[in-house]
>>> print(open('input31.cif').read())   # mmCIF, C-alpha atoms
data_entry
loop_
_atom_site.group_PDB
_atom_site.id
_atom_site.type_symbol
_atom_site.label_atom_id
_atom_site.label_comp_id
_atom_site.auth_asym_id
_atom_site.auth_seq_id
_atom_site.Cartn_x
_atom_site.Cartn_y
_atom_site.Cartn_z
ATOM 1 C CA MET A 1 101.583 150.741 55.180
ATOM 2 C CA THR A 2 101.535 147.930 52.649
ATOM 3 C CA THR A 3 103.063 144.447 53.069
ATOM 4 C CA LYS A 4 102.708 143.514 49.432
ATOM 5 C CA ASN A 5 106.425 143.487 48.538
ATOM 6 C CA TRP A 6 107.836 142.366 51.904
ATOM 7 C CA LYS A 7 110.172 139.389 52.063
ATOM 8 C CA ILE A 8 110.325 137.810 55.493
ATOM 9 C CA LYS A 9 113.257 135.606 56.506
ATOM 10 C CA LEU A 10 113.636 133.802 59.811
ATOM 11 C CA ARG A 11 117.094 133.154 61.149
ATOM 12 C CA TRP A 12 118.800 132.501 64.434
ATOM 13 C CA VAL A 13 120.561 135.437 66.058
ATOM 14 C CA LYS A 14 122.976 135.117 68.943
ATOM 15 C CA ALA A 15 121.528 136.789 72.036
ATOM 16 C CA HIS A 16 123.176 139.842 73.579
ATOM 17 C CA ALA A 17 125.605 140.228 70.692
ATOM 18 C CA GLY A 18 124.793 143.831 69.739
ATOM 19 C CA VAL A 19 122.195 143.022 67.057
ATOM 20 C CA ARG A 20 119.945 146.103 67.158
ATOM 21 C CA GLY A 21 116.573 144.393 66.580
ATOM 22 C CA ASN A 22 117.367 141.592 69.021
ATOM 23 C CA GLU A 23 118.538 144.024 71.700
ATOM 24 C CA LEU A 24 115.352 146.086 71.231
ATOM 25 C CA ALA A 25 113.124 142.974 71.505
ATOM 26 C CA ASP A 26 114.963 141.944 74.688
ATOM 27 C CA LYS A 27 114.566 145.461 76.169
ATOM 28 C CA LEU A 28 110.825 145.580 75.358
ATOM 29 C CA ALA A 29 110.270 142.101 76.842
ATOM 30 C CA LYS A 30 111.959 143.161 80.106
ATOM 31 C CA GLU A 31 109.912 146.356 80.234
ATOM 32 C CA ALA A 32 106.697 144.399 79.702
ATOM 33 C CA VAL A 33 107.550 142.021 82.548
ATOM 34 C CA ALA A 34 108.375 144.910 84.901
ATOM 35 C CA ASN A 35 105.260 146.913 83.967
ATOM 36 C CA LYS A 36 102.455 146.202 86.451
ATOM 37 C CA ASN A 37 99.860 147.472 83.943
ATOM 38 C CA THR A 38 100.762 144.901 81.281
ATOM 39 C CA LYS A 39 97.873 142.510 80.777
ATOM 40 C CA GLU A 40 98.663 138.839 81.208
ATOM 41 C CA SER A 41 98.578 137.019 77.891
ATOM 42 C CA TYR A 42 98.816 133.515 79.382
ATOM 43 C CA LYS A 43 95.122 133.649 80.271
ATOM 44 C CA ILE A 44 94.287 132.844 76.651
ATOM 45 C CA ILE A 45 96.221 129.571 76.887
ATOM 46 C CA PRO A 46 94.179 126.712 78.375
ATOM 47 C CA LYS A 47 95.294 125.712 81.852
ATOM 48 C CA ARG A 48 95.709 122.065 80.807
ATOM 49 C CA VAL A 49 98.252 123.120 78.136
ATOM 50 C CA ILE A 50 100.354 124.968 80.710
ATOM 51 C CA ILE A 51 100.138 122.029 83.139
ATOM 52 C CA LYS A 52 101.198 119.588 80.394
ATOM 53 C CA GLU A 53 104.130 121.779 79.338
ATOM 54 C CA LEU A 54 105.290 122.180 82.939
ATOM 55 C CA GLY A 55 104.951 118.413 83.466
ATOM 56 C CA ASP A 56 106.902 117.629 80.285
ATOM 57 C CA ASP A 57 109.616 120.084 81.304
ATOM 58 C CA SER A 58 109.840 118.515 84.766
ATOM 59 C CA VAL A 59 110.174 115.019 83.298
ATOM 60 C CA LYS A 60 112.962 116.221 80.954
ATOM 61 C CA LYS A 61 114.831 117.780 83.892
ATOM 62 C CA TRP A 62 114.312 114.624 85.950
ATOM 63 C CA GLN A 63 115.633 112.460 83.091
ATOM 64 C CA THR A 64 118.709 114.678 82.653
ATOM 65 C CA HIS A 65 119.452 114.595 86.380
ATOM 66 C CA ARG A 66 118.893 110.834 86.516
ATOM 67 C CA THR A 67 121.054 110.149 83.445
ATOM 68 C CA ASN A 68 123.931 112.191 84.865
ATOM 69 C CA SER A 69 123.673 110.707 88.354
ATOM 70 C CA THR A 70 125.965 107.912 89.508
ATOM 71 C CA LYS A 71 123.273 106.674 91.886
ATOM 72 C CA GLY A 72 120.567 104.112 91.211
ATOM 73 C CA ILE A 73 122.534 102.283 88.520
ATOM 74 C CA ILE A 74 120.643 99.000 88.911
ATOM 75 C CA THR A 75 117.263 100.732 88.903
ATOM 76 C CA LYS A 76 118.278 102.639 85.751
ATOM 77 C CA ASP A 77 118.950 99.287 84.047
ATOM 78 C CA PHE A 78 115.361 98.227 84.736
ATOM 79 C CA PHE A 79 113.791 101.682 84.250
ATOM 80 C CA PRO A 80 116.126 103.770 82.037
ATOM 81 C CA ASP A 81 113.469 106.172 80.764
ATOM 82 C CA VAL A 82 111.565 108.313 83.282
ATOM 83 C CA LYS A 83 108.690 109.148 80.911
ATOM 84 C CA GLU A 84 108.295 105.490 79.934
ATOM 85 C CA ARG A 85 108.188 104.475 83.608
ATOM 86 C CA LEU A 86 105.599 107.135 84.454
ATOM 87 C CA ASN A 87 103.410 105.926 81.575
ATOM 88 C CA MET A 88 103.649 102.257 82.563
ATOM 89 C CA ASN A 89 100.487 100.692 83.871
ATOM 90 C CA MET A 90 101.918 98.849 86.851
ATOM 91 C CA ASN A 91 98.903 97.703 88.823
ATOM 92 C CA ILE A 92 100.963 95.316 90.884
ATOM 93 C CA ASN A 93 101.562 94.742 94.542
ATOM 94 C CA LEU A 94 105.179 95.601 95.192
ATOM 95 C CA THR A 95 106.965 93.018 97.280
ATOM 96 C CA GLN A 96 110.198 93.095 99.220
ATOM 97 C CA ASN A 97 111.889 90.752 96.734
ATOM 98 C CA PHE A 98 110.786 92.706 93.648
ATOM 99 C CA THR A 99 111.891 96.001 95.178
ATOM 100 C CA ALA A 100 115.223 94.472 96.207
ATOM 101 C CA MET A 101 115.824 93.134 92.690
ATOM 102 C CA VAL A 102 115.051 96.364 90.811
ATOM 103 C CA THR A 103 116.953 98.582 93.252
ATOM 104 C CA GLY A 104 119.861 96.297 94.176
ATOM 105 C CA HIS A 105 119.131 96.939 97.852
ATOM 106 C CA GLY A 106 118.555 93.325 98.837
ATOM 107 C CA LYS A 107 120.464 90.773 100.842
ATOM 108 C CA THR A 108 122.791 89.718 98.049
ATOM 109 C CA ASN A 109 126.295 88.667 99.055
ATOM 110 C CA SER A 110 127.700 91.460 96.902
ATOM 111 C CA LYS A 111 125.722 94.078 98.831
ATOM 112 C CA LEU A 112 126.355 92.534 102.255
ATOM 113 C CA HIS A 113 130.080 92.285 101.503
ATOM 114 C CA ARG A 114 130.182 95.915 100.392
ATOM 115 C CA PHE A 115 128.933 96.927 103.838
ATOM 116 C CA LYS A 116 131.371 94.514 105.519
ATOM 117 C CA ILE A 117 128.562 92.369 106.936
ATOM 118 C CA ILE A 118 129.942 89.172 105.397
ATOM 119 C CA LYS A 119 133.462 88.164 104.347
ATOM 120 C CA THR A 120 132.920 87.365 100.660
ATOM 121 C CA PRO A 121 130.683 88.555 97.803
ATOM 122 C CA ILE A 122 130.840 85.109 96.178
ATOM 123 C CA CYS A 123 127.552 83.327 95.520
ATOM 124 C CA PRO A 124 127.139 79.925 97.204
ATOM 125 C CA CYS A 125 126.747 78.464 93.689
ATOM 126 C CA GLY A 126 130.370 79.019 92.743
ATOM 127 C CA ASN A 127 133.087 81.434 91.808
ATOM 128 C CA ILE A 128 131.233 84.665 90.990
ATOM 129 C CA ASP A 129 129.840 87.655 92.893
ATOM 130 C CA GLN A 130 126.238 87.226 93.915
ATOM 131 C CA ASN A 131 124.648 90.362 92.479
ATOM 132 C CA ILE A 132 121.356 91.150 90.719
ATOM 133 C CA ASP A 133 122.614 90.174 87.236
ATOM 134 C CA HIS A 134 123.985 86.895 88.538
ATOM 135 C CA LEU A 135 120.735 86.035 90.338
ATOM 136 C CA THR A 136 118.579 87.000 87.368
ATOM 137 C CA PHE A 137 120.533 85.359 84.559
ATOM 138 C CA GLU A 138 123.146 82.909 85.848
ATOM 139 C CA CYS A 139 122.866 81.425 89.348
ATOM 140 C CA LYS A 140 122.530 77.652 89.008
ATOM 141 C CA PHE A 141 120.648 77.462 92.323
ATOM 142 C CA LEU A 142 117.849 79.446 90.674
ATOM 143 C CA ASN A 143 117.607 77.380 87.478
ATOM 144 C CA LYS A 144 114.153 76.052 88.394
ATOM 145 C CA GLU A 145 112.742 79.568 88.970
ATOM 146 C CA ARG A 146 114.561 80.995 85.922
ATOM 147 C CA ASN A 147 113.312 78.166 83.688
ATOM 148 C CA ALA A 148 109.735 78.892 84.803
ATOM 149 C CA LEU A 149 110.328 82.549 83.878
ATOM 150 C CA LYS A 150 111.826 81.603 80.510
ATOM 151 C CA GLN A 151 109.025 79.154 79.670
ATOM 152 C CA SER A 152 106.401 81.765 80.492
ATOM 153 C CA ILE A 153 108.129 84.375 78.311
ATOM 154 C CA LEU A 154 108.772 81.945 75.438
ATOM 155 C CA LYS A 155 105.016 81.384 75.037
ATOM 156 C CA THR A 156 104.656 84.847 73.532
ATOM 157 C CA ASN A 157 108.177 86.133 72.916
ATOM 158 C CA GLU A 158 111.802 85.120 72.720
ATOM 159 C CA TRP A 159 113.911 85.035 75.870
ATOM 160 C CA SER A 160 115.579 88.366 76.495
ATOM 161 C CA THR A 161 118.507 89.202 78.711
ATOM 162 C CA SER A 162 117.535 92.854 78.929
ATOM 163 C CA LYS A 163 116.411 94.010 82.364
ATOM 164 C CA ARG A 164 114.393 96.761 80.686
ATOM 165 C CA ASP A 165 112.474 94.158 78.640
ATOM 166 C CA LEU A 166 111.813 92.059 81.734
ATOM 167 C CA ILE A 167 109.966 95.048 83.193
ATOM 168 C CA LYS A 168 108.498 96.541 80.023
ATOM 169 C CA LYS A 169 107.276 93.333 78.358
ATOM 170 C CA HIS A 170 107.195 90.649 81.061
ATOM 171 C CA ILE A 171 106.448 92.376 84.360
ATOM 172 C CA LYS A 172 104.039 89.723 85.685
ATOM 173 C CA GLU A 173 106.400 86.849 84.868
ATOM 174 C CA PHE A 174 109.359 88.714 86.367
ATOM 175 C CA MET A 175 107.338 89.420 89.522
ATOM 176 C CA LYS A 176 106.647 85.684 89.888
ATOM 177 C CA PHE A 177 110.360 84.973 89.458
ATOM 178 C CA THR A 178 111.468 87.561 92.027
ATOM 179 C CA ASN A 179 108.895 86.375 94.543
ATOM 180 C CA ALA A 180 109.920 82.733 94.075
ATOM 181 C CA ILE A 181 113.625 83.207 94.766
ATOM 182 C CA PRO A 182 115.208 83.388 98.221
ATOM 183 C CA LEU A 183 117.153 86.643 98.303
ATOM 184 C CA ASP A 184 118.636 85.897 101.703
ATOM 185 C CA GLN A 185 121.963 84.070 101.233
ATOM 186 C CA ARG A 186 121.263 81.673 104.067
ATOM 187 C CA ASN A 187 117.877 80.764 102.569
ATOM 188 C CA ALA A 188 119.537 80.091 99.217
ATOM 189 C CA GLU A 189 122.062 77.775 100.851
ATOM 190 C CA GLN A 190 119.319 75.979 102.815
ATOM 191 C CA ASN A 191 117.215 75.518 99.671
ATOM 192 C CA ASN A 192 120.217 74.151 97.833
ATOM 193 C CA CYS A 193 120.966 71.747 100.664
ATOM 194 C CA LYS A 194 117.339 70.583 100.717
ATOM 195 C CA ALA A 195 117.439 69.995 96.961
ATOM 196 C CA LYS A 196 120.621 67.923 97.199
ATOM 197 C CA CYS A 197 119.987 66.162 100.561
#
>>> encode(input="input31.cif", output="structure tokens")
Amino acid sequence: MTTKNWKIKLRWVKAHAGVRGNELADKLAKEAVANKNTKESYKIIPKRVIIKELGDDSVKKWQTHRTNSTKGIITKDFFPDVKERLNMNMNINLTQNFTAMVTGHGKTNSKLHRFKIIKTPICPCGNIDQNIDHLTFECKFLNKERNALKQSILKTNEWSTSKRDLIKKHIKEFMKFTNAIPLDQRNAEQNNCKAKC
């Protein structure tokens, strides 16, 4: 048999649509899988390649599940990309405050009010809910800590209001900020009183 005058074209064919060649390929593949005497061809693929492909596939599935989930919204703001997070070199000691800030599971008035532990979600600083965004970017009681964060970031970069950038580009500075702020509402009020009294 000669291949001299062959013209080969590749094109997509809808599966299980009665295309003779496609149906035959599908039938032969199923027979090969069912045949106990069929030699395994994956042995010629290096193990590390298979492990990498399985890992990549798992991360893609994880990302899809995470993107479609309504849970962990605050954490997704800080860590929107699973692969990026897994590749981050985060040699840091996690603290209660840092974990509370990036998960939203701290003693903020918004959270405590949601669970009916306190009567109002309003921050002691004024007329707005005390949540993670408010504490990070707005609360006037945390101006000193926020200014230290800003000054540290401004040495090498411009100030960013992106939670992702705070983690990706300024993790050490953000850790200092989170560890310097009182996440307990009563502590925040006491600190404010001490500053004014």
>>> closest_residue(input="input31.cif", among="A:Thr38, A:Thr108, A:Asn127, A:Gln151", to="Pro182 in chain A", atoms="only C-alpha atoms")
A:Thr108
>>> resolve_selection(input="input31.cif", expression="the PyMOL selection byres ((chain A and resi 172) around 12)", output="list of chain:residue names")
A:Asn89, A:Met90, A:Asn91, A:Ile92, A:Asn93, A:Leu94, A:Phe98, A:Leu149, A:Ser152, A:Ile153, A:Asp165, A:Leu166, A:Ile167, A:Lys168, A:Lys169, A:His170, A:Ile171, A:Glu173, A:Phe174, A:Met175, A:Lys176, A:Phe177, A:Thr178, A:Asn179
>>> atom_distance(input="input31.cif", atom1="CA of Val102 in chain A", atom2="CA of Lys76 in chain A")
8.7 Å
>>> residues_around(input="input31.cif", residues="range 64-71 of chain A", least_positions_apart="6", cutoff="12 Å", atoms="all atoms listed in the file", output="compact mmCIF listing (two decimals) with C-alpha atoms, keeping the file's coordinate frame")
# COMPACT_ATOMS: atom_id res chain seq x y z
CA ASP A 57 109.62 120.08 81.30
CA SER A 58 109.84 118.52 84.77
CA ASP A 77 118.95 99.29 84.05
CA PHE A 79 113.79 101.68 84.25
CA PRO A 80 116.13 103.77 82.04
CA ASP A 81 113.47 106.17 80.76
CA VAL A 82 111.56 108.31 83.28
CA LYS A 83 108.69 109.15 80.91
CA THR A 103 116.95 98.58 93.25
CA GLY A 104 119.86 96.30 94.18
>>> atom_distance(input="input31.cif", atom1="CA of Arg164 in chain A", atom2="CA of Ile128 in chain A")
23.2 Å
>>> axis_aligned_box(input="input31.cif", around="range 15-27 of chain A", padding_each_side="8 Å", output="AutoDock Vina command-line options")
--center_x 119.4 --center_y 141.4 --center_z 71.4 --size_x 28.5 --size_y 25.3 --size_z 25.6
>>> atom_distance(input="input31.cif", atom1="CA of Asn109 in chain A", atom2="CA of Ala180 in chain A")
18.1 Å
>>> residues_around(input="input31.cif", residues="Thr136 in chain A", least_positions_apart="2", cutoff="9 Å", atoms="only C-alpha atoms", output="short mmCIF file (atom, residue, chain, number, x, y, z; two decimals) with C-alpha atoms, in the coordinates of the input")
data_model
loop_
_atom_site.label_atom_id
_atom_site.label_comp_id
_atom_site.auth_asym_id
_atom_site.auth_seq_id
_atom_site.Cartn_x
_atom_site.Cartn_y
_atom_site.Cartn_z
CA MET A 101 115.82 93.13 92.69
CA ASN A 131 124.65 90.36 92.48
CA ILE A 132 121.36 91.15 90.72
CA ASP A 133 122.61 90.17 87.24
CA HIS A 134 123.98 86.90 88.54
CA GLU A 138 123.15 82.91 85.85
CA CYS A 139 122.87 81.42 89.35
CA LEU A 142 117.85 79.45 90.67
CA ARG A 146 114.56 81.00 85.92
CA THR A 161 118.51 89.20 78.71
CA LYS A 163 116.41 94.01 82.36
CA PHE A 177 110.36 84.97 89.46
CA THR A 178 111.47 87.56 92.03
#
>>> closest_residue(input="input31.cif", among="A:Ile118, A:Asp129, A:His105, A:Asp26", to="Gly72 in chain A", atoms="only C-alpha atoms")
A:His105
>>> build_atoms(input="input31.cif", residues="range 26-45 of chain A", atoms="N, CA and C atoms", output="tab-separated table (two decimals), in the frame of the given file")
chain	number	residue	atom	x	y	z
A	26	ASP	N	114.62	142.34	73.32
A	26	ASP	CA	114.96	141.94	74.69
A	26	ASP	C	114.59	143.05	75.68
A	27	LYS	N	114.88	144.31	75.31
A	27	LYS	CA	114.57	145.46	76.17
A	27	LYS	C	113.06	145.58	76.35
A	28	LEU	N	112.29	145.46	75.28
A	28	LEU	CA	110.82	145.58	75.36
A	28	LEU	C	110.22	144.45	76.18
A	29	ALA	N	110.77	143.25	76.06
A	29	ALA	CA	110.27	142.10	76.84
A	29	ALA	C	110.50	142.35	78.33
A	30	LYS	N	111.66	142.87	78.70
A	30	LYS	CA	111.96	143.16	80.11
A	30	LYS	C	111.06	144.27	80.65
A	31	GLU	N	110.80	145.27	79.82
A	31	GLU	CA	109.91	146.36	80.23
A	31	GLU	C	108.49	145.83	80.46
A	32	ALA	N	108.04	144.96	79.58
A	32	ALA	CA	106.70	144.40	79.70
A	32	ALA	C	106.56	143.59	80.98
A	33	VAL	N	107.58	142.83	81.33
A	33	VAL	CA	107.55	142.02	82.55
A	33	VAL	C	107.52	142.92	83.79
A	34	ALA	N	108.28	144.01	83.75
A	34	ALA	CA	108.38	144.91	84.90
A	34	ALA	C	107.15	145.81	85.04
A	35	ASN	N	106.41	146.02	83.96
A	35	ASN	CA	105.26	146.91	83.97
A	35	ASN	C	104.06	146.23	84.61
A	36	LYS	N	103.59	146.78	85.72
A	36	LYS	CA	102.46	146.20	86.45
A	36	LYS	C	101.15	146.34	85.67
A	37	ASN	N	101.09	147.25	84.71
A	37	ASN	CA	99.86	147.47	83.94
A	37	ASN	C	99.76	146.57	82.71
A	38	THR	N	100.80	145.79	82.44
A	38	THR	CA	100.76	144.90	81.28
A	38	THR	C	99.78	143.77	81.55
A	39	LYS	N	98.86	143.58	80.61
A	39	LYS	CA	97.87	142.51	80.78
A	39	LYS	C	98.54	141.16	80.54
A	40	GLU	N	98.10	140.19	81.32
A	40	GLU	CA	98.66	138.84	81.21
A	40	GLU	C	98.11	138.16	79.96
A	41	SER	N	99.02	137.67	79.12
A	41	SER	CA	98.58	137.02	77.89
A	41	SER	C	98.39	135.52	78.08
A	42	TYR	N	98.92	134.96	79.21
A	42	TYR	CA	98.82	133.51	79.38
A	42	TYR	C	97.39	133.07	79.67
A	43	LYS	N	96.50	134.02	79.98
A	43	LYS	CA	95.12	133.65	80.27
A	43	LYS	C	94.42	133.08	79.04
A	44	ILE	N	94.93	133.37	77.87
A	44	ILE	CA	94.29	132.84	76.65
A	44	ILE	C	94.75	131.41	76.35
A	45	ILE	N	95.75	130.95	77.06
A	45	ILE	CA	96.22	129.57	76.89
A	45	ILE	C	95.49	128.69	77.88
